[in-house]
Every structure is written in C-alpha cells, then in structure tokens.
Amino acid sequence: MRLISCESSRNLQRVGLLAALALALNGCFVTRLEAPDNQTVRLLPKDELARYRTEYKNFYLLYGALPLWPVQPSEIIAKEHLVEARAQTRDTVSDGVITAISMLFPISVFTQHVVVEGNRAGDLARDRLMRHDLDRLKPPKTAPDTQAPGPGDDVAPAPPATR
Amino acid sequence: MTRIPQGFHASSGIRLSAALLVFAALLSGCGDIYLDAPRGAQVNLMPAKKPAQIRDEQVVWFKWWGNEPFHEPETHAATIIERYHLTEARIRMVNTFADGFISFFSGPVGFPRRTLVVEGNPGPTAAATPTPKE
C-alpha cells in the first residue's frame, strides 16, 4: 500500500515537472504586419517581385512579456518608405538553442526570425519604365497569315504547277 | 581521507545541458508563415487602429519539426484574405500560450503549431457571406 502511494506521488511529481517545464519553455509573442499611419501600402502576393529585403531577429524576455527592441514590419515599412510589402516569420533551430541556453539563467529569452520584403515607389516606377522600354524593343506584330509556319505546323501541300 | 569524485557533478551538468539543448532544438521546429496577399489581388494593409469587420484565426500545424506544413495553404494569410474577399487587412503571427503549451508535448515528436490572425474589411463588391471553408 505504501509502495503504491510512493509510486503515485512520484508520478504526480513527474507530471508536475513536465507541466512546469511546459510553462517555462512557453513564450507568448506576436509579429504584426500593419500599415503605418497615413500611408497606403499594398500587400504583396508571395510570387511578385520585391526589390527590398531585410531579415532580423526579435528578442523577447520573460516568456515574451518583455520585448527587447522589437522591430515590427510596420516600422520597416515606414522607415524604408515601402509602398508594397509582405512579411514572413520563421522559427529556426537557432531560436530554440538561444531559448535553451537562456533557460540556464533565471531569465528566458525567446526569439523570432522575421523577413520583410517590399518595393519603394521608385522601384515600381523603374520597373514600369523598364517594361515600357522592353515593349518598345519588341518587333511589331505581323498578320497571322503572313507568318512562316513552324516546324510542328501542318502545312498544306502546294498546288501543282500549271503551264 | 576519502576522495570526493569531482568529475561527477561536472559531467552530470554537461549531460543535463546537452539534453536541454537537444530537447529545445527538437521543441523549436522550423515553421515558416507567410503574411501575404492572394495572387493577382489588390489588398491594402490596414493601420493598427482602424476598425475591422472580420477577424479570423487559423491554427497552423507543421510536421517533421516544421519542415513541412500539414496543409500548405494554411501557412499563408492569403488563404483567409481570399476566403473573405478582403480588400484591406492587417495580419498577426502569434505564438499564443496554447501554442506554446501544446507544442511542448507535440513539438519534440515533430509537430509544432502556430497561430495566424487576419483582420480586415471586405470590398463593396464582396459577397455578404464568406466562402465556406474547405
């Protein structure tokens, strides 16, 4: 009987330890993609060209409660005068290792890797100009009946020559 | 005089640290979440204080320590924006308390989770009811 109670208390201790570890390794933090005040910013799709790109890590202390110099994408949008933007958050192995090392000390540090991409108004104007120049360089379109047949095209046999 | 095994504490400390590092590396996962717009759509970003009519949360599950999502479209904010026909939106990638707690148990076996929150307003031409989830 005493053995059983001893075993159950040990199990309870294990569950308690797991729960404590789960809480200790638990961080709450957020990465926001918003427009800065009084600025119109288009949200970029994933496959569209972005001329500007930056990557950085945000650090959070005490389970995410205390952000250390957090840089949100909206700050970068405002600073770099982006008119188009998209962002990406990435959790890497290095983030986990930083958190683990910080656990050895009384404070726990959580990190989040953020990628911000976008275009400035100047980039868009340059792209438009380049597209315009490319369009001008293209040869003028010819009528379809005057085009030479391609290798795969069916060519009607030439009519027999008459004298 | 008895000799105290000096190396005992040091080696167990190293072992514990190594175990903690490996556990944290397994726990962390490597999930990517994209805060983007649907292809070909004209969506503007909303300022923080502007009221939003629609708010949707999407829990994103990854497998193989974040190497691959369970459902790729869930990792894109574009999926929610498209579902509600939003013309303006703001996006948040949140590591919630629930994410951290659940990932503590699911993460070491390779299944971390994150949360994606999208708030926004649909355009005037959007349907009154959103497209149902697949």
# chains A, B, ... in the order shown; residues from 1 in each chain; ligands from 1

$ select_by_dssp --residues "stretch 20-61 of chain A" --states "alpha helix (DSSP H)" --output "ChimeraX atom specification"
/A:20-24

$ residues_around --residues "stretch 53-61 of chain B" --least-positions-apart "2" --cutoff "7 Å" --atoms "only C-alpha atoms" --output "list in words"
Pro51, Lys63, Pro69, Phe70, Glu74, Thr75, Phe111, Pro112, Arg113, Arg114, Thr115, Leu116, Val117, Val118, Glu119, Gly120 and Asn121 of chain B

$ closest_atom_pairs --of "chain B" --to "chain A" --cutoff "6 Å" --atoms "only C-alpha atoms" --output "JSON lines"
{"residue": "B:Leu21", "atom": "CA", "partner": "A:Ala100", "partner_atom": "CA", "distance": 5.6}
{"residue": "B:Ala24", "atom": "CA", "partner": "A:Gly96", "partner_atom": "CA", "distance": 5.2}
{"residue": "B:Ala25", "atom": "CA", "partner": "A:Gly96", "partner_atom": "CA", "distance": 5.1}
{"residue": "B:Ser28", "atom": "CA", "partner": "A:Gly96", "partner_atom": "CA", "distance": 4.8}
{"residue": "B:Cys30", "atom": "CA", "partner": "A:Asp91", "partner_atom": "CA", "distance": 4.6}
{"residue": "B:Gly31", "atom": "CA", "partner": "A:Asp91", "partner_atom": "CA", "distance": 5.5}
{"residue": "B:Asp32", "atom": "CA", "partner": "A:Arg90", "partner_atom": "CA", "distance": 4.5}
{"residue": "B:Ile33", "atom": "CA", "partner": "A:Thr89", "partner_atom": "CA", "distance": 5.3}
{"residue": "B:Tyr34", "atom": "CA", "partner": "A:Gln88", "partner_atom": "CA", "distance": 4.5}
{"residue": "B:Leu35", "atom": "CA", "partner": "A:Ala87", "partner_atom": "CA", "distance": 5.0}
{"residue": "B:Asp36", "atom": "CA", "partner": "A:Pro45", "partner_atom": "CA", "distance": 5.2}
{"residue": "B:Ala37", "atom": "CA", "partner": "A:Pro45", "partner_atom": "CA", "distance": 4.3}
{"residue": "B:Pro38", "atom": "CA", "partner": "A:Pro45", "partner_atom": "CA", "distance": 5.5}
{"residue": "B:Arg39", "atom": "CA", "partner": "A:Pro45", "partner_atom": "CA", "distance": 5.3}
{"residue": "B:Val43", "atom": "CA", "partner": "A:Leu43", "partner_atom": "CA", "distance": 5.5}
{"residue": "B:Asn44", "atom": "CA", "partner": "A:Arg42", "partner_atom": "CA", "distance": 4.3}
{"residue": "B:Leu45", "atom": "CA", "partner": "A:Ala35", "partner_atom": "CA", "distance": 5.1}
{"residue": "B:Met46", "atom": "CA", "partner": "A:Ala35", "partner_atom": "CA", "distance": 5.2}
{"residue": "B:Pro47", "atom": "CA", "partner": "A:Ala35", "partner_atom": "CA", "distance": 4.5}
{"residue": "B:Arg90", "atom": "CA", "partner": "A:Glu34", "partner_atom": "CA", "distance": 5.0}
{"residue": "B:Ile91", "atom": "CA", "partner": "A:Leu33", "partner_atom": "CA", "distance": 5.1}
{"residue": "B:Arg92", "atom": "CA", "partner": "A:Arg32", "partner_atom": "CA", "distance": 4.5}
{"residue": "B:Met93", "atom": "CA", "partner": "A:Thr31", "partner_atom": "CA", "distance": 5.2}
{"residue": "B:Val94", "atom": "CA", "partner": "A:Val30", "partner_atom": "CA", "distance": 4.4}
{"residue": "B:Asn95", "atom": "CA", "partner": "A:Cys28", "partner_atom": "CA", "distance": 5.1}
{"residue": "B:Thr96", "atom": "CA", "partner": "A:Cys28", "partner_atom": "CA", "distance": 5.1}
{"residue": "B:Phe97", "atom": "CA", "partner": "A:Cys28", "partner_atom": "CA", "distance": 5.6}
{"residue": "B:Gly100", "atom": "CA", "partner": "A:Asn26", "partner_atom": "CA", "distance": 4.6}
{"residue": "B:Phe101", "atom": "CA", "partner": "A:Ala22", "partner_atom": "CA", "distance": 5.7}
{"residue": "B:Phe104", "atom": "CA", "partner": "A:Ala22", "partner_atom": "CA", "distance": 5.5}

$ residues_around --residues "A:Leu82" --least-positions-apart "4" --cutoff "6 Å" --atoms "only C-alpha atoms" --output "ChimeraX atom specification"
/A:77,119-120

$ atom_distance --atom1 "atom CA of A:Gly122" --atom2 "atom CA of A:Glu75"
19.1 Å
